[in-house]
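Structure first, commentary second.
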Amino acid sequence: STLFEPSGVITVTTDFGHRGPFVGTMKGVILSRFPSATIVDLTHEAYVHWPAEAGFWIARSYHYFPLGTVHLAVVDPGVGTDRNVLLAFGAGHAFLAPDNGLLAEAIDRSNADVFHLSGTIIDACRLEDVSATFHGRDIFAPLAAAIASGALSRDDLGEPTLDYIPSIFEPAERRGAQFVGVVITSDHFGNLITNVTREDLDGFKEPVVKAGGHDIDFGRTYGDVSPGDLIALINSFGVLEIARAEQNAAEFLGIGRGAPIRVVEKV
């Protein structure tokens with residue numbers, strides 16, 4: 001895959017939200033170590049304690065950034081416990097996160113080489129006083145700065161590993177004449193976003209989505225149906241989304257992350 005040449009861009013994805021100084025102090029540490037960094041917030045509203053959603057977005061967003069971007073993600077329910085720090089290089093990008101399944105899909109999609117960061121490397125980069133509860137600031141932010149600035153390179157890391165925690169979700173799969181997937185998240189508008197891809201629908205003439213006790217027809221965009229009507233569509237990230245025109249599909253259907261959905265042929 002394309003070699004990683006750091007561009008100085010760092011994306012940050014967390015479940016921290018914007019209350020309190022958590023995101024800000026992470027950026028402060030990055031800039032202290034690497035003042036010319038360009039830091040982009042991918043999202044800080046990833047669902048809390050649930051690495052799957054953050055990983056889903058990173059896997060579908062990284063290619064919109066310049067080659068040489070470092071993608072830092074901290075959704076870390078196991079903070080302070082004994083878990084590995086992963087650094088992966090794929091498709092000209094670098095991915096840094098706790099080893100809790102978060103990066104599995106990005107690793108797969110970018111065909112990345114994966115490294116466990118040794119205690120020696122972490123100790124060389126981390127802040128002097130590491131808290132038990134905020135490794136995003138004290139360990140991950142300085143590591144991201146080191147990778148983005150070129151201070152820490154792939155040559156420093158030893159051999160890649162195949163030993164990392166897989167994604168919490170299997171990809172959507174065909175079962176007989178239907179495709180079965182799950183809701184990964186709902187967005188700001190209440191649209192339900194699933195792990196069924198555009199390619200998964202290739203075998204269907206006229207697909208219908210079964211979710212929350214409803215049969216939902218496909219359309220191209222939200223305005224194709226009347227306000228209040230349900231619609232299934234392939235969204236801007238190439239995955240199946242269930243929407244309710246000008247209203248909230250998640251509330252209306254009463255389903256959310258982890259809910260099963262099925263795609264069948266219309267009868």
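Here, A, B, ... name the chains of the structure tokens in the order displayed, residue numbers run from 1 inside each chain, and ligands are numbered from 1 in the same displayed order.
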Determine, using only C-alpha atoms, which residues of segment 4-42 of chain A have any atom at most 9 Å from an atom of segment 46-57 of chain A, and tabulate each with its shortest atom pair and distance in Å to one decimal place, rows ordered by chain and then rising number, as CSV.
```
residue,atom,partner,partner_atom,distance
A:Thr13,CA,A:Ala54,CA,6.8
A:Thr14,CA,A:Ala46,CA,6.1
A:Asp15,CA,A:Ala46,CA,4.6
A:Phe16,CA,A:Val48,CA,7.5
A:Gly17,CA,A:Ala46,CA,8.0
A:Leu42,CA,A:Trp57,CA,8.5
```
Output C-alpha atoms of each residue in that selection to a file, as a PDB file, in the first residue's frame.
```
ATOM      1  CA  THR A  13     -12.448  11.297  16.960  1.00  0.00           C
ATOM      2  CA  THR A  14     -13.742  10.812  20.511  1.00  0.00           C
ATOM      3  CA  ASP A  15     -16.859  10.199  22.575  1.00  0.00           C
ATOM      4  CA  PHE A  16     -16.001  13.153  24.830  1.00  0.00           C
ATOM      5  CA  GLY A  17     -18.642  15.600  23.585  1.00  0.00           C
ATOM      6  CA  LEU A  42     -13.953  14.320  12.795  1.00  0.00           C
TER       7      LEU A  42
END
```
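Summary of the local environment: counting only C-alpha atoms, residues at most 12 Å from Thr81 of chain A, other than itself and those fewer than 2 positions away along its chain, are Asp76, Pro77, Gly78, Val79, Arg83, Asn84, Val85, Pro98, Asp99, Asn100, Ser131, Ala132, Thr133, Phe134 and His135 of chain A.
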### Task
Might you pull out every residue within 7 Å of segment 200-210 of chain A, with only C-alpha atoms counted and same-chain residues fewer than 6 positions away left off, and present them as a PyMOL selection string?
chain A and resi 216-218+232+261-266
Could those residues be written to a file, using N, CA, C and O atoms, as a PDB file, in the first residue's frame?
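What landed in selection_12.pdb:
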```pdb
ATOM      1  N   ILE A 216     -39.981  -0.808   4.096  1.00  0.00           N
ATOM      2  CA  ILE A 216     -39.597   0.541   3.662  1.00  0.00           C
ATOM      3  C   ILE A 216     -39.016   0.471   2.252  1.00  0.00           C
ATOM      4  O   ILE A 216     -38.049  -0.258   2.003  1.00  0.00           O
ATOM      5  N   ASP A 217     -39.630   1.226   1.339  1.00  0.00           N
ATOM      6  CA  ASP A 217     -39.167   1.247  -0.055  1.00  0.00           C
ATOM      7  C   ASP A 217     -37.939   2.147  -0.196  1.00  0.00           C
ATOM      8  O   ASP A 217     -37.742   3.097   0.576  1.00  0.00           O
ATOM      9  N   PHE A 218     -37.156   1.857  -1.232  1.00  0.00           N
ATOM     10  CA  PHE A 218     -35.977   2.659  -1.535  1.00  0.00           C
ATOM     11  C   PHE A 218     -36.344   3.894  -2.345  1.00  0.00           C
ATOM     12  O   PHE A 218     -37.275   3.881  -3.146  1.00  0.00           O
ATOM     13  N   ALA A 232     -35.849   4.405   2.433  1.00  0.00           N
ATOM     14  CA  ALA A 232     -34.517   3.798   2.536  1.00  0.00           C
ATOM     15  C   ALA A 232     -33.686   4.353   1.384  1.00  0.00           C
ATOM     16  O   ALA A 232     -34.195   4.517   0.272  1.00  0.00           O
ATOM     17  N   ILE A 261     -31.592  -5.275  10.802  1.00  0.00           N
ATOM     18  CA  ILE A 261     -32.422  -4.872   9.662  1.00  0.00           C
ATOM     19  C   ILE A 261     -32.204  -5.893   8.556  1.00  0.00           C
ATOM     20  O   ILE A 261     -31.149  -6.514   8.440  1.00  0.00           O
ATOM     21  N   ARG A 262     -33.239  -6.050   7.714  1.00  0.00           N
ATOM     22  CA  ARG A 262     -33.148  -7.027   6.621  1.00  0.00           C
ATOM     23  C   ARG A 262     -33.528  -6.345   5.317  1.00  0.00           C
ATOM     24  O   ARG A 262     -34.409  -5.489   5.283  1.00  0.00           O
ATOM     25  N   VAL A 263     -32.850  -6.745   4.260  1.00  0.00           N
ATOM     26  CA  VAL A 263     -33.201  -6.292   2.909  1.00  0.00           C
ATOM     27  C   VAL A 263     -33.718  -7.505   2.154  1.00  0.00           C
ATOM     28  O   VAL A 263     -33.058  -8.542   2.112  1.00  0.00           O
ATOM     29  N   VAL A 264     -34.921  -7.380   1.591  1.00  0.00           N
ATOM     30  CA  VAL A 264     -35.549  -8.492   0.854  1.00  0.00           C
ATOM     31  C   VAL A 264     -36.016  -7.982  -0.507  1.00  0.00           C
ATOM     32  O   VAL A 264     -36.072  -6.788  -0.753  1.00  0.00           O
ATOM     33  N   GLU A 265     -36.333  -8.925  -1.382  1.00  0.00           N
ATOM     34  CA  GLU A 265     -36.897  -8.576  -2.673  1.00  0.00           C
ATOM     35  C   GLU A 265     -38.373  -8.227  -2.495  1.00  0.00           C
ATOM     36  O   GLU A 265     -39.087  -8.918  -1.773  1.00  0.00           O
ATOM     37  N   LYS A 266     -38.806  -7.145  -3.133  1.00  0.00           N
ATOM     38  CA  LYS A 266     -40.223  -6.759  -3.024  1.00  0.00           C
ATOM     39  C   LYS A 266     -41.086  -7.829  -3.673  1.00  0.00           C
ATOM     40  O   LYS A 266     -40.746  -8.354  -4.734  1.00  0.00           O
TER      41      LYS A 266
END
```
### Message
as a list of chain:residue names, please: every residue in segment 161-206 of chain A that a backbone DSSP assignment puts in strand (DSSP E or B).
### Response
A:Glu173, A:Arg174, A:Arg175, A:Gln178, A:Phe179, A:Val180, A:Gly181, A:Val182, A:Val183, A:Ile184, A:Thr185, A:Ser186, A:Leu192, A:Ile193, A:Thr194, A:Asn195, A:Val196, A:Thr197
### 12 Å contact set for Val196 of chain A, only C-alpha atoms, chain neighbours under 5 positions out, as a PyMOL selection string
chain A and resi 56+169-174+178-184+201-202+209+232-235+237-242+260-263
### Message
I'd like the contact shell of Phe4 of chain A - 9 Å cut-off, only C-alpha atoms, skipping same-chain residues fewer than 6 positions apart - returned as a count of residues only.
### Response
10
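For Leu157 of chain A, the list of residues within 10 Å, based on only C-alpha atoms and with local chain neighbours fewer than 2 positions off taken out, reads Leu87, Val114, Phe115, His116, Leu117, Ser118, Ile121, Leu152, Ser153, Arg154, Asp155, Glu159 and Pro160 of chain A.
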Keeping only all heavy atoms, write the selected residues to a file as an mmCIF file, in the first residue's frame.
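Generated file (selection-v6.cif):
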```cif
data_model
loop_
_atom_site.group_PDB
_atom_site.id
_atom_site.type_symbol
_atom_site.label_atom_id
_atom_site.label_comp_id
_atom_site.auth_asym_id
_atom_site.auth_seq_id
_atom_site.Cartn_x
_atom_site.Cartn_y
_atom_site.Cartn_z
ATOM 1 N N LEU A 87 -1.182 1.166 16.420
ATOM 2 C CA LEU A 87 -0.855 2.120 15.373
ATOM 3 C C LEU A 87 -0.830 1.336 14.076
ATOM 4 O O LEU A 87 -0.140 0.318 13.975
ATOM 5 C CB LEU A 87 0.507 2.764 15.646
ATOM 6 C CG LEU A 87 1.080 3.665 14.555
ATOM 7 C CD1 LEU A 87 0.134 4.786 14.184
ATOM 8 C CD2 LEU A 87 2.432 4.227 14.999
ATOM 9 N N VAL A 114 -0.331 -3.385 11.078
ATOM 10 C CA VAL A 114 -0.721 -3.021 12.441
ATOM 11 C C VAL A 114 0.444 -3.270 13.391
ATOM 12 O O VAL A 114 1.108 -4.310 13.320
ATOM 13 C CB VAL A 114 -1.938 -3.860 12.890
ATOM 14 C CG1 VAL A 114 -2.397 -3.427 14.276
ATOM 15 C CG2 VAL A 114 -3.069 -3.738 11.883
ATOM 16 N N PHE A 115 0.658 -2.323 14.281
ATOM 17 C CA PHE A 115 1.725 -2.438 15.279
ATOM 18 C C PHE A 115 1.150 -2.222 16.676
ATOM 19 O O PHE A 115 0.280 -1.366 16.866
ATOM 20 C CB PHE A 115 2.808 -1.379 15.018
ATOM 21 C CG PHE A 115 3.481 -1.524 13.682
ATOM 22 C CD1 PHE A 115 2.911 -0.949 12.544
ATOM 23 C CD2 PHE A 115 4.652 -2.248 13.540
ATOM 24 C CE1 PHE A 115 3.502 -1.093 11.297
ATOM 25 C CE2 PHE A 115 5.261 -2.392 12.300
ATOM 26 C CZ PHE A 115 4.686 -1.821 11.172
ATOM 27 N N HIS A 116 1.628 -3.004 17.630
ATOM 28 C CA HIS A 116 1.404 -2.695 19.045
ATOM 29 C C HIS A 116 2.525 -1.750 19.463
ATOM 30 O O HIS A 116 3.696 -2.069 19.244
ATOM 31 C CB HIS A 116 1.511 -3.953 19.918
ATOM 32 C CG HIS A 116 0.368 -4.896 19.758
ATOM 33 N ND1 HIS A 116 0.443 -6.217 20.151
ATOM 34 C CD2 HIS A 116 -0.869 -4.732 19.258
ATOM 35 C CE1 HIS A 116 -0.711 -6.809 19.904
ATOM 36 N NE2 HIS A 116 -1.519 -5.934 19.352
ATOM 37 N N LEU A 117 2.184 -0.645 20.058
ATOM 38 C CA LEU A 117 3.246 0.255 20.521
ATOM 39 C C LEU A 117 3.812 -0.260 21.831
ATOM 40 O O LEU A 117 3.069 -0.527 22.780
ATOM 41 C CB LEU A 117 2.701 1.675 20.680
ATOM 42 C CG LEU A 117 2.317 2.359 19.361
ATOM 43 C CD1 LEU A 117 1.970 3.812 19.610
ATOM 44 C CD2 LEU A 117 3.455 2.273 18.341
ATOM 45 N N SER A 118 5.108 -0.392 21.871
ATOM 46 C CA SER A 118 5.770 -0.936 23.063
ATOM 47 C C SER A 118 5.724 0.074 24.205
ATOM 48 O O SER A 118 5.577 1.287 23.990
ATOM 49 C CB SER A 118 7.238 -1.244 22.750
ATOM 50 O OG SER A 118 7.940 -0.030 22.521
ATOM 51 N N ILE A 121 8.261 2.880 23.703
ATOM 52 C CA ILE A 121 7.865 3.991 22.816
ATOM 53 C C ILE A 121 6.841 4.880 23.511
ATOM 54 O O ILE A 121 6.924 6.111 23.470
ATOM 55 C CB ILE A 121 7.321 3.442 21.477
ATOM 56 C CG1 ILE A 121 8.491 2.946 20.624
ATOM 57 C CG2 ILE A 121 6.513 4.497 20.734
ATOM 58 C CD1 ILE A 121 8.096 2.267 19.347
ATOM 59 N N LEU A 152 8.300 10.000 15.285
ATOM 60 C CA LEU A 152 8.142 8.561 15.459
ATOM 61 C C LEU A 152 7.759 7.996 14.102
ATOM 62 O O LEU A 152 6.753 8.398 13.517
ATOM 63 C CB LEU A 152 7.034 8.268 16.481
ATOM 64 C CG LEU A 152 6.664 6.807 16.722
ATOM 65 C CD1 LEU A 152 7.851 6.017 17.258
ATOM 66 C CD2 LEU A 152 5.485 6.706 17.674
ATOM 67 N N SER A 153 8.580 7.084 13.576
ATOM 68 C CA SER A 153 8.291 6.556 12.242
ATOM 69 C C SER A 153 8.085 5.051 12.316
ATOM 70 O O SER A 153 8.390 4.397 13.306
ATOM 71 C CB SER A 153 9.413 6.886 11.262
ATOM 72 O OG SER A 153 10.451 5.932 11.382
ATOM 73 N N ARG A 154 7.565 4.533 11.223
ATOM 74 C CA ARG A 154 7.298 3.101 11.117
ATOM 75 C C ARG A 154 8.558 2.277 11.409
ATOM 76 O O ARG A 154 8.475 1.167 11.956
ATOM 77 C CB ARG A 154 6.792 2.855 9.689
ATOM 78 C CG ARG A 154 6.326 1.471 9.430
ATOM 79 C CD ARG A 154 5.941 1.369 7.966
ATOM 80 N NE ARG A 154 5.612 0.004 7.650
ATOM 81 C CZ ARG A 154 4.513 -0.352 7.027
ATOM 82 N NH1 ARG A 154 3.642 0.556 6.651
ATOM 83 N NH2 ARG A 154 4.293 -1.618 6.752
ATOM 84 N N ASP A 155 9.715 2.817 11.041
ATOM 85 C CA ASP A 155 10.971 2.077 11.251
ATOM 86 C C ASP A 155 11.290 1.873 12.728
ATOM 87 O O ASP A 155 12.101 1.018 13.076
ATOM 88 C CB ASP A 155 12.142 2.830 10.603
ATOM 89 C CG ASP A 155 11.939 3.021 9.105
ATOM 90 O OD1 ASP A 155 11.165 2.234 8.518
ATOM 91 O OD2 ASP A 155 12.532 3.945 8.540
ATOM 92 N N GLU A 159 8.161 -5.334 14.299
ATOM 93 C CA GLU A 159 7.387 -6.128 13.341
ATOM 94 C C GLU A 159 5.892 -5.877 13.487
ATOM 95 O O GLU A 159 5.389 -5.732 14.599
ATOM 96 C CB GLU A 159 7.658 -7.625 13.591
ATOM 97 C CG GLU A 159 9.048 -8.068 13.189
ATOM 98 C CD GLU A 159 9.340 -7.801 11.711
ATOM 99 O OE1 GLU A 159 8.541 -8.243 10.859
ATOM 100 O OE2 GLU A 159 10.343 -7.132 11.413
ATOM 101 N N PRO A 160 5.155 -5.878 12.339
ATOM 102 C CA PRO A 160 3.703 -5.766 12.435
ATOM 103 C C PRO A 160 3.093 -7.004 13.112
ATOM 104 O O PRO A 160 3.748 -8.045 13.210
ATOM 105 C CB PRO A 160 3.229 -5.663 10.990
ATOM 106 C CG PRO A 160 4.406 -5.758 10.118
ATOM 107 C CD PRO A 160 5.622 -5.913 10.960
#
```
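Taking only C-alpha atoms, the non-local environment of Arg126 of chain A within 12 Å (same-chain residues fewer than 6 positions away omitted) comprises Val29, Ile30, Arg33, Leu117, Gly119, Thr120, Phe134, His135, Gly136, Arg137, Asp138, Ile139, Phe140, Ala141, Pro142, Leu143, Ala144, Ala145 and Ala146 of chain A.
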Kindly export the residues of the current selection with C-alpha atoms, as a PDB file, in the first residue's frame.
```
ATOM      1  CA  VAL A  29      -0.821  18.663  23.995  1.00  0.00           C
ATOM      2  CA  ILE A  30      -0.616  17.981  20.250  1.00  0.00           C
ATOM      3  CA  ARG A  33       4.632  18.866  20.809  1.00  0.00           C
ATOM      4  CA  LEU A 117       3.246   0.255  20.521  1.00  0.00           C
ATOM      5  CA  GLY A 119       5.962   0.428  26.583  1.00  0.00           C
ATOM      6  CA  THR A 120       9.336   1.909  25.646  1.00  0.00           C
ATOM      7  CA  PHE A 134      -7.363  10.441  30.588  1.00  0.00           C
ATOM      8  CA  HIS A 135      -5.006   8.586  28.284  1.00  0.00           C
ATOM      9  CA  GLY A 136      -6.371  10.598  25.350  1.00  0.00           C
ATOM     10  CA  ARG A 137      -4.541  13.650  26.644  1.00  0.00           C
ATOM     11  CA  ASP A 138      -1.588  11.995  28.369  1.00  0.00           C
ATOM     12  CA  ILE A 139      -0.655   9.153  25.990  1.00  0.00           C
ATOM     13  CA  PHE A 140      -2.540   9.298  22.678  1.00  0.00           C
ATOM     14  CA  ALA A 141      -2.215  13.031  21.934  1.00  0.00           C
ATOM     15  CA  PRO A 142       1.592  13.063  22.313  1.00  0.00           C
ATOM     16  CA  LEU A 143       1.862   9.879  20.232  1.00  0.00           C
ATOM     17  CA  ALA A 144      -0.250  11.435  17.462  1.00  0.00           C
ATOM     18  CA  ALA A 145       2.012  14.498  17.494  1.00  0.00           C
ATOM     19  CA  ALA A 146       5.103  12.299  17.258  1.00  0.00           C
TER      20      ALA A 146
END
```
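Distance annotation: of A:Ala245, A:Gly213, A:Leu31, A:Asp113, the residue with the minimal separation from Gly158 of chain A is A:Asp113; atom set is only C-alpha atoms.
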### Message
Counting only C-alpha atoms, which residue out of A:Asp224, A:Phe95, A:Asp156, A:Asp41 sits closest to Ala124 of chain A?
### Response
A:Asp156
### Task
Quick one: pick out all alpha helix (DSSP H) residues within segment 8-257 of chain A from a backbone DSSP run and write them as an MDAnalysis selection string.
chainID A and resid 22:33 51:61 104:110 119:125 135 141:149 249:253
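Straight-line separation from atom CA of Arg19 of chain A to atom CA of Ile255 of chain A: 26.9 Å.
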